[in-house]
Amino acid sequence: MFLSLSWLKDHVDLEGLSPETIGHELTMRTALIEGLVDQRVGLSGVVVGDVVECGPHPGADRLKLCRVDHGAGELASVVCGAPNVEAGQKILYAPVGTSLPNGMKLKKAKIRGEASAGMICAEDELGLGPEHDGILVLDAALEPGRPIAELNGFADVLFDIDNKSITHRPDLWGHYGFARELAAIFGRELKPLALRDDLKPAASAPILQLASDGGCSRYAALCIDDTPGRAPDWMRFRLVSCGMRPINRLVDLSNYVMLELGQPTHPFDRDRVAADTLGVRSARVGEQLTTLDGELRELHDQDIVIVDGEKIVAIGGIMGGAHAEVSDSTQRVLLESACFDPVRTRRTSSRLGLRTDALARFEKDLDPALAELAVRRYAWWLGELSPEAVIHSDYALAGEGTAPQRRLALDPAMVSRRLGMPVTSHEVQDALGSVGFKCAESSDTPGQLDVDVPSWRATRDVTLPEDLVEEVGRLIGYDRVPDQSPSARLVLGQRDPLPALEDALRSALAGSAGFTEVYHYSTVSDRALELMGWTDDGQRPVLSNPLQKDASRLRPALAPAMLEQLEAWLRHGERVRTFEVGRGYRVVDGEMRESRELVALLASRDALDARDVVRELRGVAEGLLQAVGRRAPDLERVAPRAGEPWFHAQRTAVLLRADRELGRLGAVSPEVLTRLDVQGAAGLLVLDLDALVADEPARSNYRPVTRMPEARYDLTFVLDYDLPVSTLLAAIRSPSEKKLAKRLRHLKDAQAFDVYRGPPQSAEQRAVSVRLVFQAEDRTLKAEELAKAVDAITVVAADLGATLPANSSASASES
Amino acid sequence: MSTTTPRDELERLSREALAAIEAAESGEQLEQIEKTALARKGPLMSLMRGIKDLPAEERAPFGQAVNAARQSLEEAVVSRRDAFTAQRLAAEASDTRFDPSEPARPLSHGHLHPITRIRREAEEVFMGLGFSVVDGPEVETEAYNFDYLNIPSHHPARDMQDTMWLDSGHVMRTHTSPVQLRAMQRAEGKPPVRVIAPGRVFRNEQPDATHEHTFHQVEGLMVDEGVSVADMKAVLRLALSRLFGGSVEVRLRPHYFPFVEPGFELDMRPAGSPDDAPWLEILGCGMVHPEVLRAGGMDPEQVSGFAFGMGLDRLAMMRFGIEDVRWMMSGDLRFLQQF
């Protein structure tokens with residue numbers, strides 16, 4: 001919303017205060033001023049001119065040759081193309097050198113052979129109004145040479161108010177409210193509003209029927225006999241400056257009063273409404289109205305409508321109907337000034353998608369007393385602007401709405417406590433009094449104040465003592481609040497387990513594991529899921545108002561967005577290692593569920609064996625779990641679930657702790673890679689963080705270091721795929737046969753460390769290398785003992801079907 | 001015919017071995033010589049074994065002679081080895097063939113998202129002040145996102161945030177403020193509560209260089225007996241000073257947020273700035289509204305508190321000089337791998 005400085009000055013004396021000071025103080029005490037527009041800057045050279053001569057241009061029929069007195073002694077010769085220019089007019093003259101707000105920079109010119117110095121301006125060229133067809137003609141009494149800045153309403157300073165910062169303040173949706181603030185801030189006097197005081201509500205006025213369903217608490221209607229005419233330039237310019245389009249005097253004045261008081265009014269063409277049967281009621285389902293903007297609106301039963309008899313003439317608080325619009329032929333006007341229900345008008349507005357300046361005010365909950373005030377103000381202005389207008393002194397009035405009254409009990413000490421600085425009762429009363437609150441010492445509780453909230457703040461803005469704390473704080477100035485460290489109880493600052501786990505995992509992956517963290521949106525495109533082969537299970541939450549139609553559903557998991565990017569990522573680098581920590585969203589049994597996940601993606605442009613991708617992922621998974629203090633999980637081959645079509649049907653495994661799943665890892669399905677146009681190999685690790693956070697961290701398994709030397713042996717076994725390496729290792733670590741177990745009692749560790757696929761093994765087999773570590777607690781093991789132990793291992797392995805390769809022998813790697 | 005006596009043999013062996021030691025050209029050669037000449041089963045030691053064939057009176061002097069020979073050989077080896085070491089060190093010390101800009105062997109490391117980095121910094125700062133880190137759902141009920149925060153339906157304050165609604169009636173949380181309620185409820189009405197809640201929030205608006213529909217906030221809440229605006233000012237100034245790596249001064253401007261009363265926007269600038277230096281709007285804050293305290297199970301007659309909310313994306317943009325917020329959610333590795 002824009003505020004005009006000249007307009008504010010109509011209501012409060014701001015002499016001696018710069019626009020910057022005013023803007024700063026408003027920002028610090030009332031509402032954020034987002035910007036300051038000084039129209040004077042672009043118009044600094046523009047002055048009043050007198051068209052002394054106006055003759056034909058010898059070279060062009062449509063142009064005229066004018067001599068303009070602009071107060072500088074010498075007359076300026078100006079070529080002017082406006083049809084309405086005439087000798088004797090007072091106009092606005094822009095001399096050579098002026099840079100106009102529309103970007104035009106005036107230079108000396110020859111137009112069709114005639115010298116032209118400067119320009120006679122139209123209002124749009126000055127950025128003041130919409131008109132372009134003719135030059136702006138001023139009051140004939142103005143003397144030439146007077147700068148435009150001295151003309152009221154012509155070159156204004158505008159404050160751009162952040163509307164969000166006045167959402168709670170119905171009183172600040174007009175200039176008068178801000179004038180009241182400025183009066184309080186600068187200790188100036190707020191000028192009383194000039195009102196037409198011979199008006200009175202009377203029975204001789206049109207009959208009003210307000211339905212009792214609460215849509216309209218106050219309705220005033222004033223009859224006026226007048227024709228539209230044109231509002232004065234300064235008024236039109238103020239409207240333009242504040243973002244409104246001037247139309248005609250009757251409509252402009254309605255808008256002007258709204259921008260002044262914050263109270264919308266609406267002029268109907270009185271000859272197009274049956275004023276004797278004017279009423280306000282709820283609309284009925286199926287009713288319609290063509291509004292001023294030419295749209296046919298379907299109405300609902302919560303909408304408030306204005307009717308004459310049966311015919312709807314306006315949607316209350318939002319927009320009038322086209323039928324009864326004031327037009328050039330209008331002779332008589334019925335001016336509506338009412339107080340409509342904030343909630344119902346707002347609902348209607350959002351249903352219709354129709355936000356108007358009137359609605360922006362009604363939804364803030366206006367003081368019902370404003371309705372009559374606006375009638376009187378409108379009538380006063382009309383009397384000033386249009387002396388021939390007949391204003392009927394009896395106006396119709398209906399509804400019980402009156403100025404709201406609210407009294408709050410306030411302990412001044414509470415203000416001090418809440419602000420954290422000493423404030424005296426006197427200061428409290430001064431501050432509140434300056435913006436219209438009435439304070440009195442409570443008769444019941446000494447020291448306490450009874451505070452009467454002024455009606456313009458009492459609808460719902462100020463309802464609690466806390467609201468008064470804000471009033472006092474802002475008016476005495478928050479810069480007085482000291483910066484004083486609290487003396488608070490000591491408490492431990494710590495992370496909740498889940499965020500802590502997430503961060504530990506992030507650190508581990510982004511560390512030497514070399515993964516890059518990515519963030520993706522919580523929605524995922526339907527196309528991406530289609531490419532994954534996902535079939536919708538109806539459990540994905542759907543956005544009802546998506547920004548993009550294709551991304552209307554929340555992601556069920558993190559993997560799809562990662563895979564969607566894979567092709568692009570592989571163009572960037574030969575190897576990709578990325579991860580995301582985030583949430584998947586599902587509706588399960590009508591309940592919203594957020595799953596906490598970590599997804600890590602490994603990919604390479606090389607066509608790696610999917611089994612090797614899984615091996616690498618397993619290394620990542622185990623390293624990661626170890627980094628967050630968990631033991632290595634058990635692994636089992638598993639078929640992917642329906643909800644994870646991105647996993648390879650045959651190359652997927654589940655991470656288990658006892659029976660609980662901690663996550664899954666697997667190669668990415670070749671079909672998915674093909675559909676994604678990815679050449680190469682990829683694998684995904686998905687950790688279920690809800691499960692992992694519940695997984696007990698491993699206890700320390702520290703054992704004192706044994707000082708006896710270790711003996712290490714590497715053995716290679718050839719085994720089928722139906723014998724898992726894990727089974728072989730388990731059998732070696734704890735042989736079931738007692739005799740073998742005894743021979744292996746010094747086996748300290750057995751780990752597989754490599755696998756080889758290919759000749760001489762058949763494709764059904766692979767060679768797996770295992771490192772064996774032997775150690776006795778109390779002595780160096782003898783060679784014979786070791787030989788026997790290794791022998792025992794080959795027996796254990798052979799029992800399972802794992803054999804030594806034909807030409808192999810155990811090798812001691814170190815001793 | 002002269003017969004070689006063991007003494008002669010000893011002398012010859014010593015001489016030859018000494019010559020070989022002197023002639024050795026490398027540590028390896030020296031080691032080889034040492035192994036053969038001084039080995040336990042080497043020629044010198046085999047002379048020892050012949051000692052029993054000598055007359056009794058010669059045995060002891062001969063043994064001593066062999067030992068002496070061995071010792072001198074050992075000393076010769078040591079001194080020769082020292083010479084090699086000195087030679088090698090001298091050579092290395094004078095070797096000028098070096099260029100530190102030859103390609104490095106990179107230390108493998110990954111990258112944390114810039115928002116993660118900034119969030120952690122904020123967490124560390126506030127944890128140091130006794131705030132705990134908590135989180136809450138991203139898909140919220142209307143009650144938690146709005147109603148309990150004193151934003152009733154059909155109140156114009158709902159327009160302050162364009163909301164993403166789900167067809168189930170849930171909302172994508174428009175701010176991290178619902179976590180305030182959850183944190184107070186978790187405390188079961190017992191102050192103190194001191195938490196921060198970082199997280200992802202959503203607004204239904206078209207992204208541009210400074211707006212994203214999905215972005216990140218950190219919410220803060222301190223509830224206790226007698227918490228005041230002055231406390232808030234101090235805590236936030238301390239925290240911002242740490243976050244921005246230098247002392248800052250702050251100022252409060254009135255602003256409307258339905259869940260606080262009074263409500264503020266907080267501006268900051270470096271401490272000691274000239275009076276006309278510009279202020280930077282950095283966060284929204286205020287004293288927790290009594291209705292919100294009540295919804296959190298706290299008694300507004302007994303306790304008060306302050307809350308704040310700060311955008312992490314903007315913080316990260318300022319810190320790293322990022323020009324367009326849309327990079328954050330882009331997943332573009334050319335962007336992410338710079339952090």
# chains A, B, ... in the order shown; residues from 1 in each chain; ligands from 1
>>> residues_around(residues="stretch 105-120 of chain B", least_positions_apart="6", cutoff="9 Å", atoms="only C-alpha atoms", output="ChimeraX atom specification")
/A:503,506-507,509-519,577-578 /B:198-199,216-218,243,312-313,315-317,319-320,328,336-339
>>> select_by_dssp(residues="stretch 15-100 of chain A", states="strand (DSSP E)", output="ChimeraX atom specification")
/A:33-38,47-57,60-69,75-80,90-94
>>> residues_around(residues="B:Arg88", least_positions_apart="5", cutoff="12 Å", atoms="only C-alpha atoms", output="ChimeraX atom specification")
/B:25-27,81-83,93-95
>>> residues_around(residues="A:Leu222", least_positions_apart="4", cutoff="9 Å", atoms="only C-alpha atoms", output="compact mmCIF listing (two decimals) with N, CA and C atoms, in the first residue's frame")
# COMPACT_ATOMS: atom_id res chain seq x y z
N ALA A 205 -35.68 8.07 4.96
CA ALA A 205 -34.69 7.55 4.03
C ALA A 205 -35.17 6.20 3.49
N PRO A 206 -34.45 5.65 2.48
CA PRO A 206 -34.86 4.34 1.96
C PRO A 206 -34.96 3.31 3.08
N VAL A 333 -27.43 9.09 -7.05
CA VAL A 333 -26.56 8.05 -6.49
C VAL A 333 -27.09 7.61 -5.13
N LEU A 334 -26.93 6.33 -4.88
CA LEU A 334 -27.18 5.80 -3.55
C LEU A 334 -25.83 5.34 -3.02
N LEU A 335 -25.34 5.96 -1.98
CA LEU A 335 -24.01 5.62 -1.46
C LEU A 335 -24.15 4.62 -0.31
N GLU A 336 -23.54 3.48 -0.50
CA GLU A 336 -23.56 2.47 0.55
C GLU A 336 -22.30 2.60 1.40
N SER A 337 -22.46 2.54 2.72
CA SER A 337 -21.32 2.49 3.62
C SER A 337 -21.69 1.53 4.72
N VAL A 375 -19.87 8.05 5.51
CA VAL A 375 -20.98 8.74 4.85
C VAL A 375 -20.83 10.25 5.02
N ALA A 379 -19.96 12.99 2.11
CA ALA A 379 -20.88 14.10 1.87
C ALA A 379 -20.15 15.44 1.99
N ILE A 391 -27.46 16.73 -1.52
CA ILE A 391 -27.21 15.63 -0.59
C ILE A 391 -28.38 15.54 0.35
N HIS A 392 -29.10 14.47 0.29
CA HIS A 392 -30.28 14.32 1.14
C HIS A 392 -29.82 14.13 2.58
N SER A 393 -30.30 14.94 3.44
CA SER A 393 -29.75 14.93 4.79
C SER A 393 -30.21 13.72 5.61
N ASP A 394 -31.29 13.10 5.18
CA ASP A 394 -31.71 11.89 5.90
C ASP A 394 -31.09 10.67 5.23
N TYR A 395 -30.38 9.91 5.99
CA TYR A 395 -29.82 8.69 5.39
C TYR A 395 -30.37 7.47 6.11
N ALA A 396 -30.38 6.39 5.36
CA ALA A 396 -30.91 5.14 5.92
C ALA A 396 -29.83 4.50 6.79
N LEU A 397 -30.24 3.89 7.85
CA LEU A 397 -29.28 3.23 8.74
C LEU A 397 -29.92 1.97 9.30
>>> closest_residue(among="B:Tyr256, B:Trp327, B:Tyr148, B:Phe244", to="chain A", atoms="only C-alpha atoms")
B:Tyr256
>>> closest_atom_pairs(of="chain B", to="chain A", cutoff="7 Å", atoms="only C-alpha atoms", output="CSV")
residue,atom,partner,partner_atom,distance
B:Ser108,CA,A:Ser512,CA,5.2
B:His109,CA,A:Gly514,CA,4.2
B:Gly110,CA,A:Gly514,CA,3.6
B:His111,CA,A:Thr516,CA,4.5
B:Leu112,CA,A:Glu517,CA,5.1
B:His113,CA,A:Glu517,CA,5.3
B:Met127,CA,A:Gly493,CA,4.5
B:Gly128,CA,A:Gly493,CA,6.6
B:Gly130,CA,A:Gly493,CA,4.1
B:Phe131,CA,A:Gly493,CA,4.6
B:Ser132,CA,A:Gly493,CA,4.3
B:Val133,CA,A:Arg495,CA,4.4
B:Val134,CA,A:Asp496,CA,5.4
B:His154,CA,A:Val343,CA,5.6
B:Pro156,CA,A:Glu363,CA,6.5
B:Ala157,CA,A:Thr167,CA,6.4
B:Met160,CA,A:Lys164,CA,6.4
B:Met164,CA,A:Asn545,CA,6.4
B:Trp165,CA,A:Leu543,CA,5.6
B:Leu166,CA,A:Leu543,CA,4.2
B:Asp167,CA,A:Ser544,CA,5.0
B:Asn204,CA,A:Leu547,CA,6.7
B:Thr214,CA,A:Tyr521,CA,6.8
B:Gly226,CA,A:Arg417,CA,6.8
B:Ser228,CA,A:Arg418,CA,4.7
B:Val229,CA,A:Leu419,CA,4.7
B:Ala230,CA,A:Gly420,CA,4.9
B:Asp231,CA,A:Pro486,CA,5.0
B:Lys233,CA,A:Asp483,CA,5.5
B:Ala234,CA,A:Asp483,CA,4.7
B:Val235,CA,A:Ser485,CA,6.5
B:Arg251,CA,A:Asp479,CA,6.5
B:Leu252,CA,A:Tyr478,CA,6.1
B:Arg253,CA,A:Met28,CA,5.0
B:Pro254,CA,A:Arg29,CA,6.1
B:His255,CA,A:Ser165,CA,5.4
B:Tyr256,CA,A:Ser165,CA,5.2
B:Glu261,CA,A:Glu466,CA,6.0
B:Pro262,CA,A:Glu470,CA,4.8
B:Met329,CA,A:His520,CA,5.2
B:Ser330,CA,A:His520,CA,6.9
B:Gly331,CA,A:Val518,CA,5.3
B:Gln337,CA,A:Thr516,CA,6.8
>>> residues_around(residues="B:Pro178", least_positions_apart="2", cutoff="6 Å", atoms="only C-alpha atoms", output="short mmCIF file (atom, residue, chain, number, x, y, z; two decimals) with C-alpha atoms, in the first residue's frame")
data_model
loop_
_atom_site.label_atom_id
_atom_site.label_comp_id
_atom_site.auth_asym_id
_atom_site.auth_seq_id
_atom_site.Cartn_x
_atom_site.Cartn_y
_atom_site.Cartn_z
CA TYR B 144 -0.23 -27.26 14.40
CA ASN B 145 0.74 -25.16 11.42
CA THR B 176 9.22 -24.42 11.54
CA GLN B 180 7.68 -24.79 19.14
CA LEU B 181 4.40 -26.34 20.17
#
>>> residues_around(residues="stretch 235-237 of chain A", least_positions_apart="3", cutoff="9 Å", atoms="only C-alpha atoms", output="PyMOL selection string")
chain A and resi 123+128-129+153-155+230-232+240-242+244-247+249+252-253+256
>>> residues_around(residues="B:Gly50", least_positions_apart="2", cutoff="12 Å", atoms="only C-alpha atoms", output="list in words")
Thr5, Pro6, Arg7, Glu9, Leu10, Pro43, Leu44, Met45, Ser46, Leu47, Met48, Lys52, Asp53, Leu54, Pro55, Glu58, Arg59, Phe62, Gly63 and Val66 of chain B
>>> atom_distance(atom1="atom CA of A:Val755", atom2="atom CA of A:Leu687")
25.7 Å
>>> atom_distance(atom1="atom CA of B:Asp275", atom2="atom CA of A:Thr21")
13.6 Å
>>> atom_distance(atom1="atom CA of A:Ser18", atom2="atom CA of A:Pro95")
27.1 Å
>>> closest_residue(among="A:His266, A:Leu635, A:Ala741, A:Arg284", to="A:Lys788", atoms="only C-alpha atoms")
A:Ala741
